[in-house]
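Asker: Sharing protein.csv below, CSV, C-alpha atoms and all ligand atoms:
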```csv
chain,number,residue,atom,x,y,z
E,107,MET,CA,14.0,-18.6,4.9
E,108,ILE,CA,11.8,-19.4,2.0
E,109,SER,CA,8.6,-21.2,2.7
E,110,ALA,CA,5.3,-22.0,1.1
E,111,SER,CA,3.6,-19.7,3.5
E,112,LYS,CA,2.8,-16.4,1.9
E,113,THR,CA,2.2,-13.1,3.7
E,114,LEU,CA,0.5,-10.0,2.4
E,115,LEU,CA,1.3,-6.8,4.3
E,116,VAL,CA,-1.2,-4.0,4.0
E,117,VAL,CA,0.1,-0.6,5.2
E,118,GLY,CA,-3.0,1.6,5.5
E,119,SER,CA,-5.9,-0.7,6.1
E,120,GLY,CA,-9.4,0.7,5.7
E,121,PRO,CA,-12.9,-0.1,4.4
E,122,GLY,CA,-12.2,1.1,0.9
E,123,ILE,CA,-9.4,0.0,-1.4
E,124,GLY,CA,-7.4,-1.5,1.5
E,125,ARG,CA,-10.1,-4.0,2.4
E,126,ALA,CA,-11.0,-4.9,-1.2
E,127,VAL,CA,-7.4,-5.6,-2.1
E,128,ALA,CA,-6.7,-7.5,1.1
E,129,THR,CA,-9.7,-9.8,0.7
E,130,LEU,CA,-9.1,-10.4,-3.0
E,131,PHE,CA,-5.4,-11.0,-2.7
E,132,ALA,CA,-5.9,-13.3,0.3
E,133,SER,CA,-8.5,-15.3,-1.5
E,134,ARG,CA,-6.1,-15.8,-4.5
E,135,ARG,CA,-2.7,-16.2,-3.0
E,136,TYR,CA,-1.9,-15.3,0.6
E,137,ASN,CA,-2.6,-17.4,3.7
E,138,ASN,CA,-1.3,-14.7,6.0
E,139,VAL,CA,-2.4,-11.1,6.1
E,140,VAL,CA,-1.0,-8.2,8.2
E,141,LEU,CA,-3.1,-5.1,8.5
E,142,VAL,CA,-1.6,-1.8,9.7
E,143,ALA,CA,-3.5,1.4,10.5
E,144,ARG,CA,-3.8,3.8,13.4
E,145,ARG,CA,-7.2,2.8,14.9
E,146,ALA,CA,-7.3,-0.5,16.7
E,147,ASP,CA,-11.2,-0.7,16.7
E,148,SER,CA,-11.3,-0.2,12.9
E,149,LEU,CA,-8.6,-2.8,12.4
E,150,GLU,CA,-10.8,-5.4,14.2
E,151,ALA,CA,-13.5,-4.7,11.6
E,152,GLU,CA,-11.0,-5.0,8.8
E,153,LYS,CA,-9.7,-8.3,10.2
E,154,ALA,CA,-13.3,-9.6,10.5
E,155,ALA,CA,-14.0,-8.6,6.9
E,156,VAL,CA,-11.0,-10.5,5.5
E,157,GLU,CA,-11.7,-13.6,7.7
E,158,GLN,CA,-15.4,-13.6,6.6
E,159,ALA,CA,-14.5,-13.2,2.9
E,160,VAL,CA,-11.7,-15.8,2.8
E,161,GLY,CA,-12.5,-18.3,5.6
E,162,ALA,CA,-10.6,-20.1,8.3
E,163,GLN,CA,-7.5,-20.8,6.1
E,164,VAL,CA,-6.3,-17.2,6.4
E,165,LYS,CA,-4.4,-15.9,9.4
E,166,VAL,CA,-4.9,-12.2,10.0
E,167,LYS,CA,-2.7,-10.1,12.3
E,168,VAL,CA,-3.6,-6.5,13.0
E,169,CYS,CA,-1.0,-3.9,14.1
E,170,ALA,CA,-2.2,-0.5,15.3
E,171,ALA,CA,0.5,2.1,14.5
E,172,ASP,CA,0.8,5.6,13.2
E,173,ILE,CA,3.2,5.0,10.3
E,174,THR,CA,4.5,8.5,10.6
E,175,ASP,CA,6.2,7.3,13.8
E,176,PRO,CA,9.1,5.1,12.8
E,177,VAL,CA,9.5,3.6,16.3
E,178,SER,CA,5.9,2.6,16.4
E,179,LEU,CA,5.9,1.3,12.8
E,180,GLY,CA,9.1,-0.6,13.4
E,181,LYS,CA,7.7,-2.3,16.5
E,182,ALA,CA,4.5,-3.2,14.7
E,183,LEU,CA,6.4,-4.7,11.8
E,184,ASP,CA,8.7,-6.6,14.2
E,185,GLU,CA,5.6,-8.2,15.8
E,186,ALA,CA,4.0,-9.0,12.4
E,187,ASP,CA,7.2,-10.6,11.0
E,188,ALA,CA,7.6,-12.7,14.2
E,189,ALA,CA,4.0,-13.9,14.0
E,190,LEU,CA,3.5,-14.5,10.3
E,191,GLY,CA,6.9,-14.1,8.5
E,192,LYS,CA,8.1,-11.4,6.3
E,193,PRO,CA,5.8,-10.4,3.5
E,194,GLU,CA,6.0,-11.6,-0.1
E,195,CYS,CA,3.8,-8.6,-1.1
E,196,VAL,CA,3.8,-5.2,0.5
E,197,PHE,CA,0.7,-3.2,-0.4
E,198,PHE,CA,1.3,0.5,0.6
E,199,ASN,CA,-2.1,2.2,0.7
E,200,ALA,CA,-2.1,4.8,3.5
E,201,ALA,CA,-3.1,8.4,2.9
E,202,ARG,CA,-5.5,11.0,4.2
E,203,VAL,CA,-7.5,13.4,2.0
E,204,LEU,CA,-7.5,16.8,3.7
E,205,PRO,CA,-8.4,20.0,1.8
E,206,SER,CA,-5.4,22.3,1.6
E,207,ALA,CA,-6.0,25.9,0.4
E,208,PHE,CA,-3.2,28.4,-0.2
E,209,PHE,CA,-2.2,29.8,2.4
E,210,LYS,CA,-4.5,28.6,5.1
E,211,HIS,CA,-2.8,25.3,5.3
E,212,ASP,CA,-0.1,24.9,8.1
E,213,VAL,CA,3.2,23.7,6.8
E,214,LYS,CA,3.2,21.0,9.6
E,215,GLU,CA,0.2,19.4,7.8
E,216,ILE,CA,2.3,19.2,4.6
E,217,GLU,CA,5.1,17.6,6.6
E,218,TYR,CA,2.7,15.1,8.2
E,219,ASP,CA,1.4,14.1,4.7
E,220,LEU,CA,5.0,13.7,3.5
E,221,LYS,CA,5.7,11.4,6.5
E,222,ILE,CA,2.7,9.2,5.6
E,223,ASN,CA,3.3,9.0,1.8
E,224,VAL,CA,7.1,9.3,1.5
E,225,SER,CA,9.0,8.8,4.7
E,226,ALA,CA,6.9,5.7,5.8
E,227,LEU,CA,7.1,4.2,2.4
E,228,TYR,CA,10.9,4.7,2.4
E,229,PHE,CA,11.1,3.0,5.8
E,230,VAL,CA,9.0,0.1,4.7
E,231,ALA,CA,10.9,-0.3,1.4
E,232,GLU,CA,14.2,-0.2,3.2
E,233,ARG,CA,13.1,-2.8,5.6
E,234,TYR,CA,11.7,-5.3,3.1
E,235,MET,CA,13.5,-4.8,-0.2
E,236,PRO,CA,16.4,-7.1,0.7
E,237,HIS,CA,13.9,-9.9,1.6
E,238,LEU,CA,11.9,-9.3,-1.6
E,239,VAL,CA,15.1,-9.5,-3.7
E,240,SER,CA,16.1,-12.7,-1.9
E,241,LEU,CA,12.7,-14.2,-2.8
E,242,ALA,CA,13.1,-13.3,-6.4
E,243,LYS,CA,16.5,-14.8,-6.5
E,244,ALA,CA,15.5,-18.0,-4.6
E,245,ASP,CA,12.7,-19.1,-6.9
E,246,PRO,CA,11.4,-16.6,-9.5
E,247,SER,CA,8.8,-19.1,-10.8
E,248,ALA,CA,7.2,-19.7,-7.4
E,249,ASN,CA,7.6,-16.3,-5.7
E,250,LYS,CA,6.0,-13.0,-6.7
E,251,PRO,CA,7.8,-10.5,-4.5
E,252,ALA,CA,6.2,-7.1,-4.9
E,253,LEU,CA,5.9,-3.5,-3.5
E,254,LEU,CA,2.6,-2.0,-4.7
E,255,VAL,CA,1.7,1.5,-3.9
E,256,THR,CA,-1.8,3.1,-4.3
E,257,SER,CA,-1.5,6.4,-6.1
E,258,SER,CA,-3.7,8.8,-8.0
E,259,ALA,CA,-3.8,11.2,-10.9
E,260,LEU,CA,-2.6,14.0,-8.6
E,261,PRO,CA,1.1,13.7,-9.5
E,262,MET,CA,0.3,14.5,-13.1
E,263,HIS,CA,-2.8,16.7,-12.5
E,264,PRO,CA,-2.5,18.6,-9.3
E,265,ILE,CA,-5.7,20.1,-7.7
E,266,PRO,CA,-4.9,23.4,-6.1
E,267,GLN,CA,-7.5,22.8,-3.4
E,268,LEU,CA,-5.6,19.6,-2.6
E,269,PHE,CA,-2.2,21.0,-3.3
E,270,ALA,CA,-0.6,19.3,-0.3
E,271,LEU,CA,-1.8,15.8,-1.2
E,272,SER,CA,-0.9,16.5,-4.8
E,273,LEU,CA,2.7,17.4,-4.0
E,274,VAL,CA,3.3,14.4,-1.7
E,275,LYS,CA,1.7,12.0,-4.1
E,276,ALA,CA,4.0,13.4,-6.8
E,277,ALA,CA,7.0,12.9,-4.5
E,278,GLN,CA,5.8,9.4,-3.7
E,279,ARG,CA,5.4,8.4,-7.3
E,280,ASN,CA,8.8,9.8,-8.2
E,281,MET,CA,10.4,7.6,-5.4
E,282,VAL,CA,8.5,4.5,-6.6
E,283,GLN,CA,9.7,5.1,-10.1
E,284,SER,CA,13.3,5.1,-8.8
E,285,LEU,CA,12.6,2.0,-6.8
E,286,ASN,CA,11.2,0.4,-9.9
E,287,MET,CA,14.2,1.3,-12.0
E,288,THR,CA,16.5,-0.2,-9.3
E,289,TYR,CA,14.6,-3.3,-8.2
E,290,ALA,CA,12.5,-4.5,-11.1
E,291,PRO,CA,15.7,-5.7,-12.8
E,292,GLU,CA,16.3,-7.7,-9.6
E,293,GLY,CA,12.9,-9.4,-10.0
E,294,VAL,CA,10.8,-7.4,-7.6
E,295,HIS,CA,7.5,-6.0,-9.0
E,296,VAL,CA,7.5,-2.4,-7.9
E,297,GLY,CA,4.7,-0.3,-9.2
E,298,VAL,CA,1.7,2.1,-8.6
E,299,ILE,CA,-2.0,1.7,-8.8
E,300,ASN,CA,-3.1,4.9,-10.4
E,301,VAL,CA,-6.7,5.5,-9.2
E,302,ALA,CA,-7.5,8.4,-11.4
E,303,GLY,CA,-10.6,9.9,-9.7
E,304,ILE,CA,-12.7,9.7,-6.5
E,305,VAL,CA,-13.4,6.2,-5.2
E,306,SER,CA,-17.1,5.4,-4.5
E,307,PRO,CA,-19.0,2.1,-4.1
E,308,ASP,CA,-21.5,3.5,-6.7
E,309,ASP,CA,-18.9,4.4,-9.3
E,310,PRO,CA,-19.0,1.7,-12.1
E,311,GLU,CA,-15.2,1.9,-12.6
E,312,ARG,CA,-13.6,3.3,-9.4
E,313,ASN,CA,-15.3,1.3,-6.8
E,314,PRO,CA,-13.1,-0.7,-4.4
E,315,THR,CA,-14.2,-4.1,-5.8
E,316,ASN,CA,-13.3,-3.2,-9.3
E,317,ILE,CA,-10.1,-1.5,-8.3
E,318,ALA,CA,-9.0,-4.6,-6.5
E,319,ALA,CA,-9.9,-6.8,-9.5
E,320,LYS,CA,-7.9,-4.6,-11.9
E,321,THR,CA,-5.1,-4.5,-9.4
E,322,TRP,CA,-5.0,-8.3,-9.2
E,323,GLU,CA,-5.0,-8.7,-13.0
E,324,TRP,CA,-2.1,-6.2,-13.3
E,325,PHE,CA,-0.2,-7.9,-10.4
E,326,GLU,CA,-0.7,-11.4,-11.9
E,327,VAL,CA,1.1,-10.3,-15.1
E,328,GLY,CA,3.7,-8.6,-12.9
E,329,LYS,CA,5.6,-6.6,-15.5
E,330,GLN,CA,4.1,-3.2,-15.8
E,331,PHE,CA,5.0,-0.2,-13.6
E,332,GLU,CA,1.5,1.1,-13.5
E,333,VAL,CA,-2.2,0.3,-13.8
E,334,VAL,CA,-4.6,3.1,-14.4
E,335,ILE,CA,-8.1,2.7,-13.1
N,401,LIG,N1,-10.6,7.5,-1.8
N,401,LIG,C1,-10.3,8.0,-2.9
N,401,LIG,O1,-11.2,8.7,-3.5
N,401,LIG,C2,-9.0,7.9,-3.6
N,401,LIG,C3,-8.8,8.3,-4.9
N,401,LIG,C4,-7.6,8.2,-5.5
N,401,LIG,C5,-6.6,7.5,-4.8
N,401,LIG,N2,-6.8,7.1,-3.6
N,401,LIG,C6,-5.7,6.5,-2.8
N,401,LIG,O2,-6.1,5.3,-2.3
N,401,LIG,C7,-5.4,5.0,-1.0
N,401,LIG,C8,-6.4,4.8,0.1
N,401,LIG,O3,-7.5,4.1,-0.3
N,401,LIG,P1,-9.0,4.5,0.3
N,401,LIG,O4,-9.2,5.9,0.1
N,401,LIG,O5,-10.0,3.5,-0.3
N,401,LIG,O6,-8.8,4.2,1.9
N,401,LIG,P2,-8.9,2.9,2.7
N,401,LIG,O7,-8.3,1.8,2.0
N,401,LIG,O8,-10.3,2.7,3.1
N,401,LIG,O9,-8.1,3.2,4.0
N,401,LIG,C9,-6.8,3.7,4.1
N,401,LIG,C10,-6.4,3.7,5.5
N,401,LIG,O10,-5.1,4.3,5.7
N,401,LIG,C11,-4.9,4.5,7.1
N,401,LIG,N3,-4.0,5.5,7.4
N,401,LIG,C12,-4.0,6.8,7.1
N,401,LIG,N4,-3.1,7.5,7.7
N,401,LIG,C13,-2.4,6.6,8.4
N,401,LIG,C14,-1.2,6.7,9.3
N,401,LIG,N5,-0.6,7.9,9.5
N,401,LIG,N6,-0.8,5.6,9.9
N,401,LIG,C15,-1.4,4.4,9.6
N,401,LIG,N7,-2.4,4.2,8.8
N,401,LIG,C16,-2.9,5.3,8.2
N,401,LIG,C17,-6.3,4.9,7.6
N,401,LIG,O11,-6.7,4.2,8.8
N,401,LIG,P3,-6.5,4.9,10.2
N,401,LIG,O12,-7.3,6.2,10.1
N,401,LIG,O13,-7.1,3.9,11.2
N,401,LIG,O14,-5.1,5.1,10.5
N,401,LIG,C18,-7.3,4.5,6.5
N,401,LIG,O15,-8.4,3.8,6.9
N,401,LIG,C19,-4.5,6.2,-0.8
N,401,LIG,O16,-3.2,6.0,-1.3
N,401,LIG,C20,-5.2,7.3,-1.6
N,401,LIG,O17,-4.3,8.3,-2.0
N,401,LIG,C21,-8.0,7.3,-2.9
```
Could you show the structure in this file as structure tokens?

Answerer:
Amino acid sequence: MISASKTLLVVGSGPGIGRAVATLFASRRYNNVVLVARRADSLEAEKAAVEQAVGAQVKVKVCAADITDPVSLGKALDEADAALGKPECVFFNAARVLPSAFFKHDVKEIEYDLKINVSALYFVAERYMPHLVSLAKADPSANKPALLVTSSALPMHPIPQLFALSLVKAAQRNMVQSLNMTYAPEGVHVGVINVAGIVSPDDPERNPTNIAAKTWEWFEVGKQFEVVI
């Protein structure tokens, strides 16, 4: 069902890019926000931050789930959809930064990172893409269906001391490119936010507030695969 109510789903909610994008996007367009991360206590802080920034008009639902567990993720998203409706915008932001030196890094850690960045993204895209396409078809002027993924320069410029994150980010970007080629013609904005360096509140360019502002500008235009920040 198409309604005026607009939901933003943030997969990988945290105090950095996740919070900055959630608060800015909610203040500009979304009256419903779903926040997914593993830690319930941190999610309450993220919820409070969005409510404080946007005010009483926003409804925020938090869902504690490890997205590497499809059963837990599916249950969380079922609850979110029932409470606030399926999202018009999916912001996929989860990752962990863990040093990975050759060959001290257990292969299980690579597989865990693949589950966060690739398997969980596949699960989320599979779940919501039909809905996003239906929104695009229903009213392309009123709806802005989107799947936006936070990425980095690692796919193009791997760092050997972070080889595991580099390789999973490369795989993730490759999948998002294929999704873009398949679903952009259907009217869904599928793209990556390429944060090309370390995020810090003190960095004049790559601070969460500026990253969110640049992400919003890029999203508003809605045509380009990538924004580089
Ligand atoms: N920070 C940087 O310097 C930097 C640089 C370039 C690109 N990026 C990209 O930016 C994105 C993250 O932004 P951020 O670093 O500012 O972090 P953030 O938005 O502050 O938080 C991301 C959140 O993802 C959640 N998460 C991680 N693993 C998860 C899992 N298995 N299941 C559910 N949630 C999970 C974590 O919460 P829980 O621990 O509670 O699960 C974490 O707080 C990533 O895609 C990263 O690759 C970051």

Asker: Using only C-alpha atoms, which of E:Ile265, E:Met235, E:Val230, E:Ala276 sits nearest E:Phe208?

Answerer: E:Ile265

Asker: What is the atom CA of E:Phe209-atom CA of E:Pro264 distance in Å, reported with one decimal?

Answerer: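 About the pair atom CA of E:Phe209 and atom CA of E:Pro264: they are 16.2 Å apart.
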
Asker: Quick one: distance from atom CA of E:Ala259 to atom CA of E:Arg145 in Å, one decimal?

Answerer: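 So the answer is 27.3 Å.
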
Asker: May I ask which of the residues E:Ala248, E:Val334, E:Ala110, E:Val239 is the closest one to E:Thr288, counting only C-alpha atoms?

Answerer: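 With only C-alpha atoms as the atom set, the closest residue is E:Val239.
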
Asker: Looking at E:Val301, E:Val196, E:Ala244, E:Leu268, which one is nearest to ligand LIG 401 (chain N), with distances taken over all atoms listed in the file?

Answerer: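 Among E:Val301, E:Val196, E:Ala244, E:Leu268, it is E:Val301 that comes nearest to ligand LIG 401 (chain N).
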
Asker: Which distance in Å separates atom CA of E:Leu190 and atom CA of E:Lys165, to one decimal?

Answerer: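 Straight-line distance from atom CA of E:Leu190 to atom CA of E:Lys165 works out to 8.1 Å.
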
Asker: Enumerate residues in contact with ligand LIG 401 (chain N): an atom-to-atom distance of at most 8 Å, counting all atoms listed in the file. Format the result as an MDAnalysis selection string.

Answerer: chainID E and resid 117:126 142:146 148:149 170:174 198:203 221:223 255:259 271 275 300:306 314

Asker: With distances taken over only C-alpha atoms, which residue among E:Tyr289, E:Phe197, E:Phe229, E:Tyr136 lies nearest E:Leu179?

Answerer: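 Answer, going by the shortest atom-to-atom distance: E:Phe229.
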
Asker: Check the smallest atom-to-atom distance from each of E:Ala151, E:Val168, E:Ala159, E:Ala318 to E:Val116 using only C-alpha atoms, then report the winner.

Answerer: E:Val168

Asker: Which protein, DNA or RNA residues are at most 7 Å from (-2.8, -14.1, 8.0) in the file's coordinates when you count only C-alpha atoms, listed as a PyMOL selection string?

Answerer: chain E and resi 113+137-140+164-167+190

Asker: When distances are computed from only C-alpha atoms, which of E:Gln158, E:Asn249, E:Gln278, E:Asn313 shows the smallest separation from E:Leu220?

Answerer: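 Of E:Gln158, E:Asn249, E:Gln278, E:Asn313, the one nearest E:Leu220 is E:Gln278, counting only C-alpha atoms.
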
Asker: Please provide the set of residues having any atom within 8 Å of stretch 320-325 of chain E, restricted to all atoms listed in the file, with same-chain residues fewer than 6 positions apart removed, written as a list in words.

Answerer: Val127, Leu130, Phe131, Ile299, Val333 and Ile335 of chain E

Asker: Dig up all the protein and nucleic acid residues within 10 Å of (2.9, -4.2, -10.2) in the file frame, using all atoms listed in the file, and format them as a ChimeraX atom specification.

Answerer: /E:250-255,286,290,294-299,321-333
